[in-house]
Amino acid sequence: EQYITLRVNTLKTERSHVINILSENGIKCAKTEQSPYGVRILQSADIPTLERLVGDLAFVEDEASQIAVSALDVQKGMTVFDVCAAPGGKSLCAAIAMENEGSISSYDLHENKIDLIKKAAEKAGIDIIHAEVRDGRIPPCEEFLSTADRVICDVPCSGLGVIGKKPDLRYKDMSSVDSLLNTQYEILSQSVKYLKAGGRLLYSTCTLNKAENSDTVEKFLKENTAYKLIKQQTLMPHTDGTDGFYIAVIEKI
């Protein structure tokens with residue numbers, strides 16, 4: 001059974017408080033096992049009800065995404081770029097980890113999604129996120145080259161790790177994966193250009209397809225020797241209780 005997971009806004013409260021609010025309102029919930037900031041809802045519940053109960057104290061974000069941002073080790077005061085940011089959950093997780101100090105540039109290809117990011121940040125009381133339209137496949141602006149401490153590169157993917165939540169993905173045309181692989185590689189190749197020496201990039205997908213995951217990262221590292229792999233992890237729904245998710249952390253040497 002796939003249940004909703006919340007990410008606690010630790011700028012405003014702690015996890016135990018969110019659990020108390022939900023429990024008092026008859027919602028069965030528990031701490032997430034791997035993320036120290038997550039609350040797993042243990043029953044069917046609709047998102048508007050949960051949002052009404054928790055207000056600005058938490059937001060919907062799968063535990064896999066929370067684990068991914070934690071793996072990037074974002075620190076207070078850093079300069080961060082999130083290149084495929086909508087709807088903004090990873091940017092929010094990063095901003096909270098940064099205690100709302102530093103700067104996050106959140107980019108997305110689609111104009112209509114930029115508002116979602118801005119509204120989510122405003123609701124959470126975060127003012128370090130600057131959201132704008134930008135295509136992750138094009139090179140960074142000159143002024144941003146080699147300036148980032150951290151980059152979040154959560155690329156468009158086949159989504160096979162979230163099939164439990166989106167069963168219609170079963171009928172998706174998988175023949176388009178080749179063009180997807182090119183897009184993923186292009187975005188990764190451009191996104192690393194933001195990094196300063198010693199800076200780190202999170203490459204992540206919500207798929208379990210090796211071609212989109214470790215194969216893409218291995219190909220990149222072979223062709224770009226100025227980078228090294230720091231961490232690689234695949235989360236599985238049946239063992240981790242999260243979305244199926246791939247995480248790789250790459251460092252600029």
# chains A, B, ... in the order shown; residues from 1 in each chain; ligands from 1
call {"tool": "closest_atom_pairs", "arguments": {"of": "segment 173-197 of chain A", "to": "segment 142-150 of chain A", "cutoff": "8 Å", "atoms": "only C-alpha atoms", "output": "tab-separated table"}}
result
residue	atom	partner	partner_atom	distance
A:Lys193	CA	A:Leu145	CA	5.7
A:Tyr194	CA	A:Leu145	CA	4.8
A:Leu195	CA	A:Ala148	CA	4.6
A:Lys196	CA	A:Ser146	CA	4.1
A:Ala197	CA	A:Ser146	CA	7.4
call {"tool": "write_last_selection", "arguments": {"atoms": "all heavy atoms", "output": "CSV table (one decimal), in the first residue's frame"}}
result
chain,number,residue,atom,x,y,z
A,193,LYS,N,28.4,22.3,-14.6
A,193,LYS,CA,29.2,23.6,-14.8
A,193,LYS,C,28.9,24.6,-13.8
A,193,LYS,O,29.7,25.6,-13.6
A,193,LYS,CB,28.8,24.1,-16.2
A,193,LYS,CG,29.3,23.2,-17.3
A,193,LYS,CD,28.8,23.7,-18.7
A,193,LYS,CE,29.2,22.7,-19.8
A,193,LYS,NZ,28.7,23.1,-21.1
A,194,TYR,N,27.8,24.5,-13.0
A,194,TYR,CA,27.6,25.4,-11.9
A,194,TYR,C,28.6,25.2,-10.7
A,194,TYR,O,28.8,26.1,-9.9
A,194,TYR,CB,26.2,25.2,-11.3
A,194,TYR,CG,25.0,25.7,-12.2
A,194,TYR,CD1,24.2,24.8,-12.9
A,194,TYR,CD2,24.7,27.1,-12.3
A,194,TYR,CE1,23.2,25.3,-13.7
A,194,TYR,CE2,23.7,27.5,-13.1
A,194,TYR,CZ,22.9,26.6,-13.8
A,194,TYR,OH,21.9,27.1,-14.6
A,195,LEU,N,29.1,24.0,-10.6
A,195,LEU,CA,29.9,23.6,-9.4
A,195,LEU,C,31.2,24.3,-9.3
A,195,LEU,O,32.0,24.4,-10.3
A,195,LEU,CB,30.1,22.1,-9.4
A,195,LEU,CG,28.9,21.2,-9.2
A,195,LEU,CD1,29.3,19.7,-9.3
A,195,LEU,CD2,28.3,21.4,-7.8
A,196,LYS,N,31.5,24.7,-8.1
A,196,LYS,CA,32.9,25.2,-7.8
A,196,LYS,C,33.7,23.9,-7.5
A,196,LYS,O,33.1,22.9,-7.2
A,196,LYS,CB,32.9,26.2,-6.7
A,196,LYS,CG,32.2,25.8,-5.4
A,196,LYS,CD,32.5,26.8,-4.3
A,196,LYS,CE,31.6,28.0,-4.3
A,196,LYS,NZ,31.5,28.7,-3.0
A,197,ALA,N,35.0,24.0,-7.4
A,197,ALA,CA,35.9,22.9,-7.0
A,197,ALA,C,35.4,22.4,-5.6
A,197,ALA,O,35.2,23.3,-4.7
A,197,ALA,CB,37.3,23.3,-7.0
call {"tool": "select_by_dssp", "arguments": {"residues": "segment 73-192 of chain A", "states": "strand (DSSP E or B)", "output": "ChimeraX atom specification"}}
result
/A:79-82,103-108,129-133,148-154
call {"tool": "residues_around", "arguments": {"residues": "Ile187 of chain A", "least_positions_apart": "5", "cutoff": "8 Å", "atoms": "only C-alpha atoms", "output": "list in words"}}
result
Gly136, Arg137, Ile138, Cys153 and Val155 of chain A
call {"tool": "write_last_selection", "arguments": {"atoms": "N, CA and C atoms", "output": "short mmCIF file (atom, residue, chain, number, x, y, z; two decimals), in the first residue's frame"}}
result
data_model
loop_
_atom_site.label_atom_id
_atom_site.label_comp_id
_atom_site.auth_asym_id
_atom_site.auth_seq_id
_atom_site.Cartn_x
_atom_site.Cartn_y
_atom_site.Cartn_z
N GLY A 136 17.12 23.27 -18.40
CA GLY A 136 18.31 22.62 -17.85
C GLY A 136 19.29 22.11 -18.90
N ARG A 137 18.86 22.06 -20.16
CA ARG A 137 19.74 21.54 -21.21
C ARG A 137 20.69 22.61 -21.75
N ILE A 138 20.46 23.87 -21.39
CA ILE A 138 21.34 24.92 -21.91
C ILE A 138 22.39 25.30 -20.86
N CYS A 153 19.90 17.97 -9.29
CA CYS A 153 19.63 17.66 -10.69
C CYS A 153 18.68 16.45 -10.72
N VAL A 155 16.31 14.79 -12.66
CA VAL A 155 15.98 14.86 -14.09
C VAL A 155 14.62 14.23 -14.43
#
call {"tool": "residues_around", "arguments": {"residues": "segment 12-22 of chain A", "least_positions_apart": "6", "cutoff": "12 Å", "atoms": "only C-alpha atoms", "output": "PyMOL selection string"}}
result
chain A and resi 5-6+28-32+35-43+45+49-59+96+99-100+123-126
call {"tool": "closest_atom_pairs", "arguments": {"of": "segment 51-102 of chain A", "to": "segment 200-221 of chain A", "cutoff": "8 Å", "atoms": "only C-alpha atoms", "output": "JSON lines"}}
result
{"residue": "A:Ala68", "atom": "CA", "partner": "A:Ser204", "partner_atom": "CA", "distance": 7.4}
{"residue": "A:Val69", "atom": "CA", "partner": "A:Leu202", "partner_atom": "CA", "distance": 7.6}
{"residue": "A:Ala71", "atom": "CA", "partner": "A:Leu202", "partner_atom": "CA", "distance": 7.9}
{"residue": "A:Leu72", "atom": "CA", "partner": "A:Leu202", "partner_atom": "CA", "distance": 6.1}
call {"tool": "write_last_selection", "arguments": {"atoms": "N, CA, C and O atoms", "output": "compact mmCIF listing (two decimals), in the first residue's frame"}}
result
# COMPACT_ATOMS: atom_id res chain seq x y z
N ALA A 68 17.29 11.83 -0.53
CA ALA A 68 18.15 12.32 -1.62
C ALA A 68 18.78 13.66 -1.25
O ALA A 68 20.00 13.85 -1.40
N VAL A 69 17.97 14.58 -0.75
CA VAL A 69 18.50 15.91 -0.39
C VAL A 69 19.46 15.79 0.80
O VAL A 69 20.49 16.46 0.84
N ALA A 71 21.40 13.35 1.38
CA ALA A 71 22.66 12.79 0.85
C ALA A 71 23.57 13.87 0.28
O ALA A 71 24.79 13.72 0.23
N LEU A 72 22.96 14.99 -0.13
CA LEU A 72 23.73 16.09 -0.73
C LEU A 72 24.44 16.93 0.33
O LEU A 72 25.35 17.70 0.02
call {"tool": "residues_around", "arguments": {"residues": "segment 108-115 of chain A", "least_positions_apart": "5", "cutoff": "7 Å", "atoms": "only C-alpha atoms", "output": "PyMOL selection string"}}
result
chain A and resi 83-87+131-135
call {"tool": "select_by_dssp", "arguments": {"residues": "segment 52-187 of chain A", "states": "helix (DSSP H, G or I)", "output": "MDAnalysis selection string"}}
result
chainID A and resid 52:57 63:71 89:97 111:124 142:144 160:162 167:171 174:187
call {"tool": "residues_around", "arguments": {"residues": "Ala64 of chain A", "least_positions_apart": "2", "cutoff": "8 Å", "atoms": "only C-alpha atoms", "output": "PyMOL selection string"}}
result
chain A and resi 62+66-68+235+242-245
call {"tool": "residues_around", "arguments": {"residues": "His130 of chain A", "least_positions_apart": "5", "cutoff": "12 Å", "atoms": "only C-alpha atoms", "output": "NGL selection string"}}
result
:A and (79-83 or 85 or 88 or 91-92 or 95 or 102-108 or 114-115 or 117-122)
call {"tool": "decode", "arguments": {"residues": "segment 110-233 of chain A", "atoms": "C-alpha atoms", "output": "short mmCIF file (atom, residue, chain, number, x, y, z; two decimals), in the first residue's frame"}}
result
data_model
loop_
_atom_site.label_atom_id
_atom_site.label_comp_id
_atom_site.auth_asym_id
_atom_site.auth_seq_id
_atom_site.Cartn_x
_atom_site.Cartn_y
_atom_site.Cartn_z
CA HIS A 110 7.51 25.35 -17.52
CA GLU A 111 6.31 28.86 -16.74
CA ASN A 112 3.11 27.61 -15.05
CA LYS A 113 5.13 25.58 -12.52
CA ILE A 114 7.26 28.48 -11.31
CA ASP A 115 4.30 29.86 -9.36
CA LEU A 116 3.95 26.52 -7.53
CA ILE A 117 7.54 26.84 -6.30
CA LYS A 118 7.08 30.46 -5.23
CA LYS A 119 3.82 29.72 -3.38
CA ALA A 120 5.28 26.68 -1.61
CA ALA A 121 8.30 28.72 -0.45
CA GLU A 122 6.12 31.57 0.75
CA LYS A 123 3.84 29.21 2.65
CA ALA A 124 6.83 27.59 4.35
CA GLY A 125 8.25 30.99 5.37
CA ILE A 126 11.31 30.60 3.13
CA ASP A 127 12.77 33.61 1.34
CA ILE A 128 16.07 32.28 -0.06
CA ILE A 129 14.47 30.51 -3.06
CA HIS A 130 14.50 32.45 -6.34
CA ALA A 131 12.39 30.65 -8.94
CA GLU A 132 12.51 31.29 -12.67
CA VAL A 133 12.00 29.65 -16.05
CA ARG A 134 15.12 28.02 -17.43
CA ASP A 135 15.88 24.98 -19.59
CA GLY A 136 18.31 22.62 -17.85
CA ARG A 137 19.74 21.54 -21.21
CA ILE A 138 21.34 24.92 -21.91
CA PRO A 139 24.63 26.08 -20.36
CA PRO A 140 24.52 28.18 -17.17
CA CYS A 141 24.78 31.97 -17.48
CA GLU A 142 28.42 33.02 -17.41
CA GLU A 143 28.11 34.72 -14.02
CA PHE A 144 27.00 31.43 -12.41
CA LEU A 145 29.77 29.19 -13.77
CA SER A 146 31.74 27.50 -10.96
CA THR A 147 29.79 29.33 -8.21
CA ALA A 148 27.67 26.54 -6.68
CA ASP A 149 28.37 24.65 -3.49
CA ARG A 150 25.54 22.24 -4.35
CA VAL A 151 23.38 21.40 -7.39
CA ILE A 152 20.14 19.41 -7.37
CA CYS A 153 19.63 17.66 -10.69
CA ASP A 154 16.39 15.67 -10.41
CA VAL A 155 15.98 14.86 -14.09
CA PRO A 156 12.79 14.01 -16.03
CA CYS A 157 12.56 10.22 -16.14
CA SER A 158 10.35 7.25 -17.08
CA GLY A 159 8.88 7.30 -13.56
CA LEU A 160 9.01 3.55 -13.06
CA GLY A 161 9.76 3.99 -9.36
CA VAL A 162 6.37 5.61 -8.71
CA ILE A 163 4.21 3.17 -10.66
CA GLY A 164 2.38 2.25 -7.43
CA LYS A 165 1.16 5.84 -7.16
CA LYS A 166 0.68 6.43 -10.88
CA PRO A 167 -0.49 3.13 -12.37
CA ASP A 168 -1.16 4.74 -15.78
CA LEU A 169 2.64 4.83 -16.24
CA ARG A 170 2.33 1.13 -17.10
CA TYR A 171 0.90 2.21 -20.43
CA LYS A 172 3.50 4.85 -21.13
CA ASP A 173 5.34 4.46 -24.41
CA MET A 174 8.75 3.20 -23.33
CA SER A 175 10.18 3.59 -26.85
CA SER A 176 10.71 7.26 -26.01
CA VAL A 177 13.30 6.33 -23.36
CA ASP A 178 16.16 6.96 -25.83
CA SER A 179 15.30 10.63 -26.19
CA LEU A 180 14.84 10.76 -22.41
CA LEU A 181 18.38 9.36 -21.93
CA ASN A 182 19.76 12.12 -24.17
CA THR A 183 17.86 14.77 -22.21
CA GLN A 184 19.07 13.39 -18.88
CA TYR A 185 22.67 13.33 -20.07
CA GLU A 186 22.45 16.86 -21.48
CA ILE A 187 20.99 18.22 -18.23
CA LEU A 188 23.66 16.47 -16.13
CA SER A 189 26.46 17.69 -18.44
CA GLN A 190 25.29 21.31 -18.20
CA SER A 191 24.40 21.22 -14.49
CA VAL A 192 27.91 20.27 -13.32
CA LYS A 193 29.16 23.57 -14.82
CA TYR A 194 27.57 25.42 -11.89
CA LEU A 195 29.85 23.62 -9.43
CA LYS A 196 32.91 25.17 -7.84
CA ALA A 197 35.85 22.87 -7.00
CA GLY A 198 34.75 20.60 -4.13
CA GLY A 199 31.10 21.34 -4.91
CA ARG A 200 28.63 18.46 -5.14
CA LEU A 201 25.75 17.56 -7.41
CA LEU A 202 22.81 15.27 -6.67
CA TYR A 203 21.67 13.33 -9.75
CA SER A 204 18.35 11.65 -9.02
CA THR A 205 15.41 9.95 -10.74
CA CYS A 206 12.18 8.27 -9.63
CA THR A 207 12.83 5.27 -11.85
CA LEU A 208 14.52 1.89 -11.36
CA ASN A 209 15.72 1.70 -14.97
CA LYS A 210 19.51 1.16 -14.87
CA ALA A 211 20.01 2.91 -18.24
CA GLU A 212 18.64 6.15 -16.76
CA ASN A 213 20.50 5.72 -13.48
CA SER A 214 23.93 4.18 -12.90
CA ASP A 215 24.61 3.75 -16.65
CA THR A 216 24.12 7.48 -17.25
CA VAL A 217 26.30 8.42 -14.27
CA GLU A 218 29.04 5.95 -15.26
CA LYS A 219 29.06 7.26 -18.83
CA PHE A 220 29.33 10.82 -17.54
CA LEU A 221 32.21 10.03 -15.17
CA LYS A 222 34.08 8.18 -17.93
CA GLU A 223 33.79 11.18 -20.24
CA ASN A 224 34.41 13.82 -17.53
CA THR A 225 37.40 12.95 -15.39
CA ALA A 226 37.20 16.16 -13.34
CA TYR A 227 34.37 14.58 -11.32
CA LYS A 228 34.11 11.65 -8.94
CA LEU A 229 31.28 9.59 -7.46
CA ILE A 230 30.79 10.13 -3.72
CA LYS A 231 27.67 8.06 -3.15
CA GLN A 232 25.18 5.94 -5.07
CA GLN A 233 21.97 4.40 -3.75
#
